file start_6.txt (compact mmCIF, C-alpha atoms)
# COMPACT_ATOMS: atom_id res chain seq x y z
CA MET A 250 0.00 0.00 0.00
CA ILE A 251 0.90 3.64 -0.23
CA VAL A 252 2.04 4.87 3.16
CA ALA A 253 1.46 8.45 4.20
CA ARG A 254 1.44 10.49 7.39
CA LEU A 255 -0.35 13.59 8.57
CA LYS A 256 1.31 16.78 7.43
CA PRO A 257 2.97 18.90 10.11
CA LEU A 258 0.05 20.84 11.59
CA PRO A 259 1.54 24.34 11.40
CA ALA A 260 2.00 23.95 7.64
CA LEU A 261 -1.47 22.47 7.17
CA LEU A 262 -3.22 25.11 9.27
CA ALA A 263 -1.31 27.88 7.50
CA ALA A 264 -2.32 26.49 4.10
CA VAL A 265 -6.00 26.44 5.08
CA GLY A 266 -5.79 29.92 6.60
CA ASP A 267 -9.20 31.41 7.40
CA SER A 268 -11.06 29.46 4.72
CA SER A 269 -14.55 28.22 5.50
CA PRO A 270 -16.29 25.93 4.89
CA VAL A 271 -13.56 23.35 4.44
CA LEU A 272 -14.17 19.95 2.91
CA VAL A 273 -11.94 17.32 4.50
CA ALA A 274 -11.92 14.41 2.08
CA GLY A 275 -10.68 11.01 3.13
CA CYS A 276 -9.95 7.81 1.28
CA GLN A 277 -10.83 4.29 2.38
CA GLY A 278 -7.83 2.83 0.54
CA CYS A 279 -4.18 2.74 1.53
CA VAL A 280 -4.19 5.91 3.64
CA ALA A 281 -7.01 4.51 5.79
CA VAL A 282 -5.00 1.35 6.42
CA CYS A 283 -1.92 3.32 7.46
CA ALA A 284 -4.07 5.51 9.74
CA ALA A 285 -3.34 8.72 7.87
CA GLY A 286 -6.40 9.54 5.79
CA GLY A 287 -9.37 7.30 6.57
CA ASP A 288 -12.68 8.21 8.15
CA LYS A 289 -11.20 8.55 11.62
CA GLU A 290 -8.41 10.82 10.48
CA VAL A 291 -10.89 12.91 8.48
CA ASN A 292 -12.72 13.67 11.71
CA VAL A 293 -9.51 14.35 13.60
CA VAL A 294 -8.26 16.80 10.97
CA ALA A 295 -11.65 18.48 10.66
CA ASP A 296 -11.81 18.90 14.44
CA LEU A 297 -8.29 20.31 14.47
CA LEU A 298 -9.30 22.82 11.79
CA GLU A 299 -12.38 23.81 13.80
CA LEU A 300 -10.29 24.01 16.95
CA ASP A 301 -7.73 26.22 15.23
CA ALA A 302 -10.51 28.52 14.07
CA ARG A 303 -12.06 28.65 17.52
CA ARG A 304 -8.83 29.67 19.22
CA ARG A 305 -8.26 32.41 16.65
CA GLY A 306 -11.84 33.68 16.79
CA VAL A 307 -12.51 32.74 13.19
CA GLU A 308 -15.75 31.17 12.06
CA ARG A 309 -15.29 27.86 10.33
CA SER A 310 -17.34 24.82 9.51
CA THR A 311 -16.30 21.58 7.91
CA PHE A 312 -17.60 18.85 5.67
CA ARG A 313 -16.27 15.39 6.41
CA ILE A 314 -16.56 12.86 3.63
CA THR A 315 -14.56 9.72 2.92
CA VAL A 316 -14.78 8.06 -0.49
CA PRO A 317 -13.87 4.45 -1.28
CA ARG A 318 -10.90 5.53 -3.40
CA GLN A 319 -9.48 8.93 -4.30
CA CYS A 320 -7.37 7.50 -7.12
CA ASP A 321 -10.47 7.07 -9.29
CA CYS A 322 -12.85 9.92 -10.17
CA ARG A 323 -15.75 7.49 -10.47
CA PHE A 324 -15.94 7.41 -6.69
CA PHE A 325 -16.28 11.17 -6.33
CA ASP A 326 -20.07 11.56 -6.50
CA PRO A 327 -20.42 11.91 -2.69
CA LEU A 328 -18.07 14.90 -2.82
CA ALA A 329 -20.08 16.95 -5.30
CA ALA A 330 -22.48 18.86 -3.03
CA ALA A 331 -19.87 19.55 -0.38
CA MET A 332 -17.29 20.60 -2.94
CA ALA A 333 -19.76 23.09 -4.41
CA ALA A 334 -20.22 24.72 -1.00
CA ALA A 335 -16.65 24.46 0.29
CA ARG A 336 -14.05 27.18 -0.18
CA VAL A 337 -11.15 24.73 -0.11
CA CYS A 338 -10.68 21.00 0.09
CA VAL A 339 -8.16 19.27 2.33
CA SER A 340 -7.52 15.86 0.80
CA LEU A 341 -6.17 13.16 3.06
CA GLY A 342 -5.61 10.93 0.05
CA CYS A 343 -2.13 10.14 -1.20
CA GLY A 344 -0.52 12.38 -3.78
CA VAL A 345 -2.50 10.55 -6.43
CA GLY A 346 -5.81 11.25 -4.70
CA VAL A 347 -5.03 14.93 -4.26
CA GLN A 348 -4.33 15.25 -7.98
CA TYR A 349 -7.47 13.41 -9.04
CA ILE A 350 -9.64 15.62 -6.84
CA ALA A 351 -7.87 18.71 -8.15
CA ASP A 352 -8.44 17.52 -11.73
CA CYS A 353 -12.12 16.85 -11.08
CA TYR A 354 -12.70 20.20 -9.35
CA PRO A 355 -10.23 22.55 -11.03
CA ASP A 356 -11.94 25.67 -9.64
CA LYS A 357 -11.25 24.72 -6.00
CA PRO A 358 -7.94 24.82 -4.16
CA VAL A 359 -7.04 21.32 -2.99
CA ILE A 360 -4.61 21.14 -0.07
CA PRO A 361 -2.77 17.91 0.73
CA GLY A 362 -3.38 16.93 4.34
CA VAL A 363 -0.84 14.13 4.33
CA ASP A 364 2.68 13.62 3.03
CA THR A 365 2.93 10.56 0.81
CA LEU A 366 6.01 8.56 1.78
CA PHE A 367 6.44 5.15 0.16
CA ALA A 368 4.99 1.82 -0.90
CA GLY A 369 5.20 -0.44 2.08
CA GLY A 370 3.53 -2.70 4.55
CA SER A 371 2.63 -2.92 8.20
CA GLN A 372 5.41 -4.60 10.15
CA ALA A 373 3.47 -4.39 13.43
CA ALA A 374 0.56 -2.37 14.77
CA GLY A 375 1.44 1.28 14.25
CA VAL A 376 4.64 0.53 12.31
CA TRP A 377 4.92 0.81 8.53
CA GLU A 378 8.03 0.21 6.49
CA GLU A 379 9.04 0.65 2.88
CA ARG A 380 9.18 -2.57 0.88
CA CYS A 381 8.97 -1.49 -2.76
CA ARG A 382 10.74 1.25 -4.70
CA LEU A 383 8.39 0.89 -7.72
CA CYS A 384 11.34 0.19 -10.00
CA GLY A 385 9.23 -1.43 -12.72
CA ASP A 386 11.49 -4.46 -13.14
CA CYS A 387 10.87 -6.82 -10.24
CA LEU A 388 13.67 -9.22 -9.34
CA LEU A 389 12.20 -10.58 -6.10
CA GLY A 390 12.01 -14.04 -7.64
CA GLU A 391 15.80 -14.11 -7.84
CA THR A 392 16.48 -12.70 -4.40
CA GLY A 393 14.34 -14.88 -2.18
CA GLY A 394 11.53 -12.35 -1.92
CA ILE A 395 13.76 -9.71 -0.35
CA CYS A 396 14.12 -6.51 -2.35
CA PRO A 397 17.70 -5.25 -2.54
CA VAL A 398 16.59 -2.12 -4.40
CA THR A 399 14.49 -1.02 -1.43
CA ARG A 400 16.12 -2.66 1.56
CA CYS A 401 19.82 -2.42 0.68
CA ALA A 402 20.93 1.11 1.55
CA LYS A 403 23.08 1.12 -1.58
CA GLY A 404 20.49 -0.58 -3.78
CA LEU A 405 23.04 -3.14 -4.88
CA LEU A 406 21.94 -5.74 -7.40
CA ASN A 407 25.04 -7.85 -6.81
CA GLY A 408 25.65 -7.67 -3.10
CA PRO A 409 26.66 -7.71 -0.41
CA CYS A 410 28.92 -4.67 -0.23
CA GLY A 411 31.04 -6.17 2.55
CA GLY A 412 30.39 -3.38 5.03
CA ALA A 413 27.80 -5.09 7.16
CA VAL A 414 28.61 -5.57 10.84
CA ASN A 415 26.97 -8.46 12.66
CA GLY A 416 24.33 -8.60 9.99
CA ARG A 417 23.46 -4.90 10.33
CA CYS A 418 23.79 -2.37 7.55
CA GLU A 419 26.84 -0.09 7.76
CA VAL A 420 24.76 2.86 6.56
CA ASP A 421 21.96 2.39 9.09
CA ALA A 422 22.68 -0.02 11.92
CA ALA A 423 18.97 -0.11 12.73
CA LYS A 424 18.38 -2.10 9.55
CA PRO A 425 19.49 -5.63 8.73
CA CYS A 426 21.80 -6.11 5.77
CA ALA A 427 19.42 -6.98 2.91
CA TRP A 428 22.03 -9.06 1.14
CA GLN A 429 22.73 -11.11 4.23
CA LEU A 430 18.99 -11.77 4.48
CA ILE A 431 18.99 -12.77 0.80
CA TYR A 432 21.98 -15.05 1.33
CA GLU A 433 20.40 -16.78 4.32
CA ARG A 434 17.09 -17.29 2.57
CA LEU A 435 18.60 -18.65 -0.64
CA LYS A 436 20.85 -20.89 1.43
CA ALA A 437 17.83 -22.27 3.27
CA GLN A 438 16.20 -22.91 -0.11
CA GLY A 439 19.33 -24.58 -1.50
CA ARG A 440 19.70 -21.88 -4.15
CA LEU A 441 23.07 -20.36 -3.26
CA ALA A 442 24.40 -21.11 -6.75
CA GLU A 443 22.04 -18.44 -8.10
CA LEU A 444 24.07 -15.79 -6.31
CA GLU A 445 26.88 -16.51 -8.79
CA ILE A 446 24.80 -14.97 -11.56
CA ILE A 447 25.90 -11.38 -12.17
CA ARG A 448 23.02 -9.02 -12.81
CA PRO A 449 23.55 -6.21 -15.32
CA PRO A 450 22.65 -2.63 -14.38
CA LYS A 451 18.90 -2.06 -14.09
CA ASP A 452 16.84 -0.23 -16.66
CA TRP A 453 15.45 2.43 -14.35
CA SER A 454 13.24 3.92 -17.07
CA ALA A 455 10.83 1.01 -16.58
CA GLY A 456 9.66 2.21 -13.16
CA ALA A 457 8.72 5.52 -11.62
CA GLY A 458 8.22 8.08 -14.38
CA ALA A 459 7.18 5.46 -16.91
CA GLY A 460 4.10 6.10 -19.03
CA PRO A 461 0.55 4.92 -18.34
CA VAL A 462 -0.29 1.25 -18.17
CA VAL A 463 -2.93 0.37 -20.74
CA ARG A 464 -4.76 -2.94 -20.91
CA GLU A 465 -6.46 -2.88 -24.30
CA ASP A 466 -8.92 -5.59 -23.28
CA LEU A 467 -10.22 -3.40 -20.45
CA VAL A 468 -10.49 -0.15 -22.41
CA PRO A 469 -14.12 0.44 -23.44
CA MET B 1170 -13.42 30.14 42.90
CA PRO B 1171 -14.08 32.05 39.68
CA GLY B 1172 -11.23 34.08 38.25
CA LYS B 1173 -11.10 37.85 38.60
CA SER B 1174 -13.03 38.32 35.40
CA GLY B 1175 -15.68 35.87 36.58
CA TRP B 1176 -14.74 33.55 33.74
CA GLU B 1177 -15.01 29.89 34.51
CA PRO B 1178 -13.63 27.21 32.21
CA ARG B 1179 -15.94 24.72 30.61
CA ILE B 1180 -14.51 21.27 31.17
CA ILE B 1181 -15.70 18.00 29.72
CA ALA B 1182 -14.90 14.98 31.87
CA PHE B 1183 -15.24 11.61 30.16
CA CYS B 1184 -15.80 9.28 33.10
CA CYS B 1185 -15.62 5.50 33.03
CA HIS B 1186 -18.85 3.88 34.19
CA TYR B 1187 -17.01 1.50 36.49
CA CYS B 1188 -14.81 3.91 38.39
CA ALA B 1189 -14.77 7.65 37.81
CA TYR B 1190 -18.51 7.98 37.31
CA GLY B 1191 -19.03 6.17 40.61
CA ALA B 1192 -16.40 8.37 42.22
CA ALA B 1193 -18.15 11.48 40.93
CA ASP B 1194 -21.44 10.14 42.28
CA LEU B 1195 -19.80 9.44 45.64
CA ALA B 1196 -18.27 12.91 45.67
CA GLY B 1197 -21.76 14.33 45.23
CA SER B 1198 -23.22 12.12 47.96
CA LEU B 1199 -20.46 13.19 50.31
CA ARG B 1200 -21.07 16.85 49.42
CA TYR B 1201 -17.58 17.41 48.05
CA ARG B 1202 -17.66 20.45 45.84
CA TYR B 1203 -16.06 20.92 42.48
CA PRO B 1204 -16.63 23.66 39.88
CA ALA B 1205 -20.00 23.70 38.15
CA GLY B 1206 -18.26 24.17 34.80
CA VAL B 1207 -17.20 20.52 34.84
CA HIS B 1208 -19.58 18.49 32.72
CA ILE B 1209 -19.45 14.74 33.11
CA ILE B 1210 -20.05 12.38 30.21
CA ARG B 1211 -20.34 8.75 31.21
CA VAL B 1212 -18.62 6.25 28.95
CA PRO B 1213 -18.71 2.45 29.28
CA CYS B 1214 -14.92 2.43 29.67
CA SER B 1215 -12.25 5.12 29.34
CA GLY B 1216 -11.08 3.02 26.38
CA ARG B 1217 -14.20 4.22 24.56
CA VAL B 1218 -12.60 7.66 24.38
CA ASP B 1219 -10.24 8.49 21.57
CA GLU B 1220 -8.68 11.66 20.30
CA ARG B 1221 -11.74 12.45 18.20
CA PHE B 1222 -13.87 12.88 21.33
CA ILE B 1223 -11.25 15.07 22.95
CA LEU B 1224 -10.61 17.27 19.94
CA ARG B 1225 -14.32 17.59 19.16
CA ALA B 1226 -15.00 18.72 22.72
CA LEU B 1227 -12.29 21.38 22.47
CA ALA B 1228 -13.42 22.45 19.00
CA ARG B 1229 -17.04 22.80 20.12
CA GLY B 1230 -16.70 24.84 23.29
CA ALA B 1231 -14.67 23.10 25.99
CA ASP B 1232 -11.61 24.77 27.51
CA GLY B 1233 -10.27 21.54 28.97
CA VAL B 1234 -10.93 17.83 28.73
CA LEU B 1235 -10.47 15.25 31.43
CA VAL B 1236 -10.44 11.51 30.77
CA ALA B 1237 -10.97 9.56 33.98
CA GLY B 1238 -10.44 5.82 33.99
CA CYS B 1239 -9.76 2.97 36.36
CA LEU B 1240 -6.62 2.51 38.42
CA GLU B 1241 -3.87 0.64 36.64
CA GLY B 1242 -4.61 -3.06 36.41
CA THR B 1243 -8.26 -2.74 37.38
CA CYS B 1244 -9.93 -1.96 34.05
CA HIS B 1245 -13.19 -3.87 33.68
CA TYR B 1246 -12.19 -4.47 30.06
CA VAL B 1247 -8.59 -5.34 30.96
CA ALA B 1248 -6.74 -2.66 28.99
CA GLY B 1249 -9.21 0.13 28.15
CA ASN B 1250 -7.57 2.59 30.53
CA VAL B 1251 -4.16 1.90 29.00
CA ARG B 1252 -5.51 2.56 25.52
CA ALA B 1253 -7.21 5.71 26.75
CA ALA B 1254 -3.95 6.98 28.20
CA ARG B 1255 -2.21 6.53 24.84
CA ARG B 1256 -5.00 8.36 23.04
CA VAL B 1257 -4.84 11.19 25.54
CA GLN B 1258 -1.12 11.41 24.81
CA ARG B 1259 -1.86 11.51 21.09
CA ALA B 1260 -4.38 14.32 21.58
CA ARG B 1261 -1.94 16.24 23.74
CA ALA B 1262 0.77 15.87 21.09
CA LEU B 1263 -1.57 17.19 18.40
CA LEU B 1264 -2.50 20.18 20.57
CA ALA B 1265 1.15 20.95 21.26
CA GLU B 1266 1.99 20.68 17.57
CA MET B 1267 -0.63 23.28 16.70
CA GLY B 1268 0.57 25.59 19.46
CA LEU B 1269 -2.13 24.95 22.06
CA GLU B 1270 -1.44 23.98 25.67
CA ALA B 1271 -1.30 20.21 26.02
CA GLU B 1272 -2.21 20.77 29.68
CA ARG B 1273 -5.79 21.33 28.63
CA VAL B 1274 -6.15 17.57 28.31
CA GLU B 1275 -5.39 15.17 31.13
CA MET B 1276 -5.90 11.56 32.11
CA PHE B 1277 -6.82 10.72 35.69
CA ARG B 1278 -7.00 7.30 37.30
CA VAL B 1279 -9.38 6.67 40.12
CA SER B 1280 -11.51 3.98 41.72
CA ALA B 1281 -15.23 4.24 42.47
CA SER B 1282 -14.48 4.60 46.18
CA MET B 1283 -12.28 7.67 45.70
CA GLY B 1284 -14.92 10.39 45.81
CA ALA B 1285 -12.75 12.85 47.70
CA ALA B 1286 -9.77 12.27 45.38
CA PHE B 1287 -12.01 12.74 42.35
CA ALA B 1288 -13.33 16.05 43.61
CA ALA B 1289 -9.84 17.21 44.57
CA PHE B 1290 -8.35 16.32 41.20
CA VAL B 1291 -11.18 17.95 39.28
CA ARG B 1292 -10.90 21.11 41.38
CA ASP B 1293 -7.16 21.21 40.73
CA PHE B 1294 -7.56 20.57 37.01
CA ALA B 1295 -10.21 23.30 36.78
CA ARG B 1296 -7.85 25.70 38.55
CA ARG B 1297 -5.06 24.91 36.11
CA VAL B 1298 -7.32 25.36 33.09
CA ARG B 1299 -8.62 28.61 34.58
CA ASN B 1300 -5.05 29.82 34.81
CA LEU B 1301 -4.47 28.91 31.16
CA GLY B 1302 -7.42 31.11 30.24
CA PRO B 1303 -10.15 30.69 27.63
CA LEU B 1304 -9.33 28.58 24.63
CA ALA B 1305 -11.34 30.71 22.24
CA ALA B 1306 -9.89 34.05 21.20
CA ASP B 1307 -13.12 35.90 21.98
CA THR B 1308 -13.83 33.98 25.24
CA GLY B 1309 -17.24 33.27 23.83
CA GLU B 1310 -18.09 30.60 21.38
CA GLY B 1311 -15.95 30.43 18.29
CA GLY B 1312 -15.84 27.51 15.94
CA ALA B 1313 -18.74 26.85 13.67
CA GLY B 1314 -20.23 29.84 11.99
CA ASP B 1315 -23.61 30.76 10.64
CA ASP B 1316 -23.15 28.49 7.66
CA ARG B 1317 -23.26 25.39 9.80
CA GLY B 1318 -26.88 24.65 8.92
CA ALA B 1319 -26.15 24.79 5.22
CA VAL B 1320 -23.05 22.69 5.71
CA GLU B 1321 -24.97 20.07 7.61
CA THR B 1322 -27.64 19.90 4.93
CA ALA B 1323 -25.09 19.59 2.14
CA SER B 1324 -23.04 17.08 4.07
CA ARG B 1325 -26.03 14.88 4.74
CA ALA B 1326 -27.02 15.12 1.09
CA ALA B 1327 -23.54 13.87 0.28
CA GLY B 1328 -23.92 10.98 2.65
CA GLY B 1329 -21.16 12.29 4.85
CA ARG B 1330 -21.02 13.03 8.53
CA TRP B 1331 -19.99 16.29 10.04
call {"tool": "encode", "arguments": {"input": "start_6.txt", "output": "structure tokens"}}
result
Amino acid sequence: MIVARLKPLPALLAAVGDSSPVLVAGCQGCVAVCAAGGDKEVNVVADLLELDARRRGVERSTFRITVPRQCDCRFFDPLAAAMAAARVCVSLGCGVGVQYIADCYPDKPVIPGVDTLFAGGSQAAGVWEERCRLCGDCLLGETGGICPVTRCAKGLLNGPCGGAVNGRCEVDAAKPCAWQLIYERLKAQGRLAELEIIRPPKDWSAGAGAGPVVREDLVP
Amino acid sequence: MPGKSGWEPRIIAFCCHYCAYGAADLAGSLRYRYPAGVHIIRVPCSGRVDERFILRALARGADGVLVAGCLEGTCHYVAGNVRAARRVQRARALLAEMGLEAERVEMFRVSASMGAAFAAFVRDFARRVRNLGPLAADTGEGGAGDDRGAVETASRAAGGRW
């Protein structure tokens, strides 16, 4: 999922200024799962905006609406009436959601309420970590399901670098050496010989920044 | 006692049914006094409270919020008071980040037999909030404006809550 976190409040409150009414739009997708932009967080942010207005003696009211997905305009019908009345929209969707709302309602300022961080997973309750760099050329099948692009600090395709200490990364001792993890997993699977294969440099143009994905069979 | 200006803080106290609400009841039976600006809301467990309740109370007119739960290890639902304490911390952190006094929100642990302690803590908390002063810039009611009715109508039409 896409992992995001609430924007620093001073920046968010400054961006909203004295605007009223404010539509706080949430998303039930990734940002809800990482507790940054779901229904609960919509109410928290809206209350913070009302609280900020109250302490400054400014009148403000809020709409609070969460749609199933902000990365698809077809889910935006519930926003229409509120968007028409609102002065600004604070989107708690990821960067994709913010842009789709802004595209759908080009006459309204759309303010991002979260900072979009990475594609990751939930390691434990309340802890999210990056697991995919969206490189567009997945090699997890060759590395025992451990991504060296994301989890090796140097992004080495032919590791390890030799700098690890007691299995910890020399760049960030809080992290395990990805290539040691890969070695141990391939060893357990009896696949150590595969580490002898030298991988050529990656074609980075395949990933982030690549063009749209089109499935002709799904296009109407 | 009211401040020099006569202003008294409005305080919302979320009280656990099993402890603090009983303590408040006992305080009343024993004629212990605490400020009339303290409004008690009974919850089935302090773990029912999360930062939304706290922030909404502050956004809609409260000057301070108290969350009162069971003594450590005595929660009727095992860990509700522990969860409540973490949510209170979260609310306090959000307040501090936006430049408001985190001291406006506090967690208090009590048992149903501690009527005197409840009244004493509430009196002390009210005094501290009184010293902080009104939360709203105009000391009256800020927050939602005249367009709230229209907002509510539109929000309901959109299927959203407000």
call {"tool": "closest_residue", "arguments": {"input": "start_6.txt", "among": "A:Glu445, A:Val316, A:Gly266, A:Lys436", "to": "Asp288 in chain A", "atoms": "only C-alpha atoms"}}
result
A:Val316
call {"tool": "closest_residue", "arguments": {"input": "start_6.txt", "among": "B:Ile1209, B:Leu1240, B:Ile1180, B:Ala1228", "to": "Asp1194 in chain B", "atoms": "all atoms listed in the file"}}
result
B:Ile1209
call {"tool": "residues_around", "arguments": {"input": "start_6.txt", "residues": "range 1278-1282 of chain B", "least_positions_apart": "4", "cutoff": "6 Å", "atoms": "all atoms listed in the file", "output": "list in words"}}
result
Cys1188, Ala1189, Gly1191, Ala1192, Ala1237, Gly1238, Cys1239 and Leu1240 of chain B
call {"tool": "atom_distance", "arguments": {"input": "start_6.txt", "atom1": "CA of Ala1253 in chain B", "atom2": "CA of His1186 in chain B"}}
result
13.9 Å
call {"tool": "closest_residue", "arguments": {"input": "start_6.txt", "among": "A:Ala423, A:Val252, A:Leu388, A:Cys418", "to": "Val376 in chain A", "atoms": "all atoms listed in the file"}}
result
A:Val252
call {"tool": "closest_residue", "arguments": {"input": "start_6.txt", "among": "A:Pro358, A:Gly306, A:Pro450, A:Gly287", "to": "chain B", "atoms": "all atoms listed in the file"}}
result
A:Gly306
call {"tool": "atom_distance", "arguments": {"input": "start_6.txt", "atom1": "CA of Arg1179 in chain B", "atom2": "CA of Asn1300 in chain B"}}
result
12.7 Å
call {"tool": "atom_distance", "arguments": {"input": "start_6.txt", "atom1": "CA of Asp267 in chain A", "atom2": "CA of Thr365 in chain A"}}
result
25.0 Å
call {"tool": "residues_around", "arguments": {"input": "start_6.txt", "residues": "range 1214-1218 of chain B", "least_positions_apart": "4", "cutoff": "10 Å", "atoms": "all atoms listed in the file", "output": "list in words"}}
result
Phe1183, Cys1184, Cys1185, His1186, Tyr1187, Cys1188, Ala1189, Phe1222, Ile1223, Val1236, Ala1237, Gly1238, Cys1239, Cys1244, His1245, Tyr1246, Val1247, Ala1248, Gly1249, Asn1250, Val1251, Arg1252, Ala1253, Ala1254, Arg1255, Arg1256, Val1257, Met1276 and Arg1278 of chain B
call {"tool": "closest_residue", "arguments": {"input": "start_6.txt", "among": "A:Cys353, A:Ala413, A:Ala295, A:Leu272", "to": "Ala334 in chain A", "atoms": "all atoms listed in the file"}}
result
A:Leu272
call {"tool": "interface_residues", "arguments": {"input": "start_6.txt", "of": "chain A", "to": "chain B", "cutoff": "12 Å", "atoms": "only C-alpha atoms", "output": "VMD selection string"}}
result
chain A and resid 255 to 263 267 to 275 288 to 316 325 to 336
call {"tool": "closest_residue", "arguments": {"input": "start_6.txt", "among": "A:Ala427, A:Val265, A:Leu383, A:Ala422", "to": "Gly404 in chain A", "atoms": "only C-alpha atoms"}}
result
A:Ala427
call {"tool": "residues_near_point", "arguments": {"input": "start_6.txt", "point": "(25.9, -13.2, 0.5)", "cutoff": "8 Å", "atoms": "only C-alpha atoms", "output": "PyMOL selection string"}}
result
chain A and resi 408-409+428-429+431-433+444
call {"tool": "write_last_selection", "arguments": {"input": "start_6.txt", "atoms": "C-alpha atoms", "output": "CSV table (one decimal), in the frame of the given file"}}
result
chain,number,residue,atom,x,y,z
A,408,GLY,CA,25.6,-7.7,-3.1
A,409,PRO,CA,26.7,-7.7,-0.4
A,428,TRP,CA,22.0,-9.1,1.1
A,429,GLN,CA,22.7,-11.1,4.2
A,431,ILE,CA,19.0,-12.8,0.8
A,432,TYR,CA,22.0,-15.0,1.3
A,433,GLU,CA,20.4,-16.8,4.3
A,444,LEU,CA,24.1,-15.8,-6.3
call {"tool": "decode", "arguments": {"input": "start_6.txt", "residues": "range 331-351 of chain A", "atoms": "C-alpha atoms", "output": "short mmCIF file (atom, residue, chain, number, x, y, z; two decimals), in the first residue's frame"}}
result
data_model
loop_
_atom_site.label_atom_id
_atom_site.label_comp_id
_atom_site.auth_asym_id
_atom_site.auth_seq_id
_atom_site.Cartn_x
_atom_site.Cartn_y
_atom_site.Cartn_z
CA ALA A 331 -19.87 19.55 -0.38
CA MET A 332 -17.29 20.60 -2.94
CA ALA A 333 -19.76 23.09 -4.41
CA ALA A 334 -20.22 24.72 -1.00
CA ALA A 335 -16.65 24.46 0.29
CA ARG A 336 -14.05 27.18 -0.18
CA VAL A 337 -11.15 24.73 -0.11
CA CYS A 338 -10.68 21.00 0.09
CA VAL A 339 -8.16 19.27 2.33
CA SER A 340 -7.52 15.86 0.80
CA LEU A 341 -6.17 13.16 3.06
CA GLY A 342 -5.61 10.93 0.05
CA CYS A 343 -2.13 10.14 -1.20
CA GLY A 344 -0.52 12.38 -3.78
CA VAL A 345 -2.50 10.55 -6.43
CA GLY A 346 -5.81 11.25 -4.70
CA VAL A 347 -5.03 14.93 -4.26
CA GLN A 348 -4.33 15.25 -7.98
CA TYR A 349 -7.47 13.41 -9.04
CA ILE A 350 -9.64 15.62 -6.84
CA ALA A 351 -7.87 18.71 -8.15
#
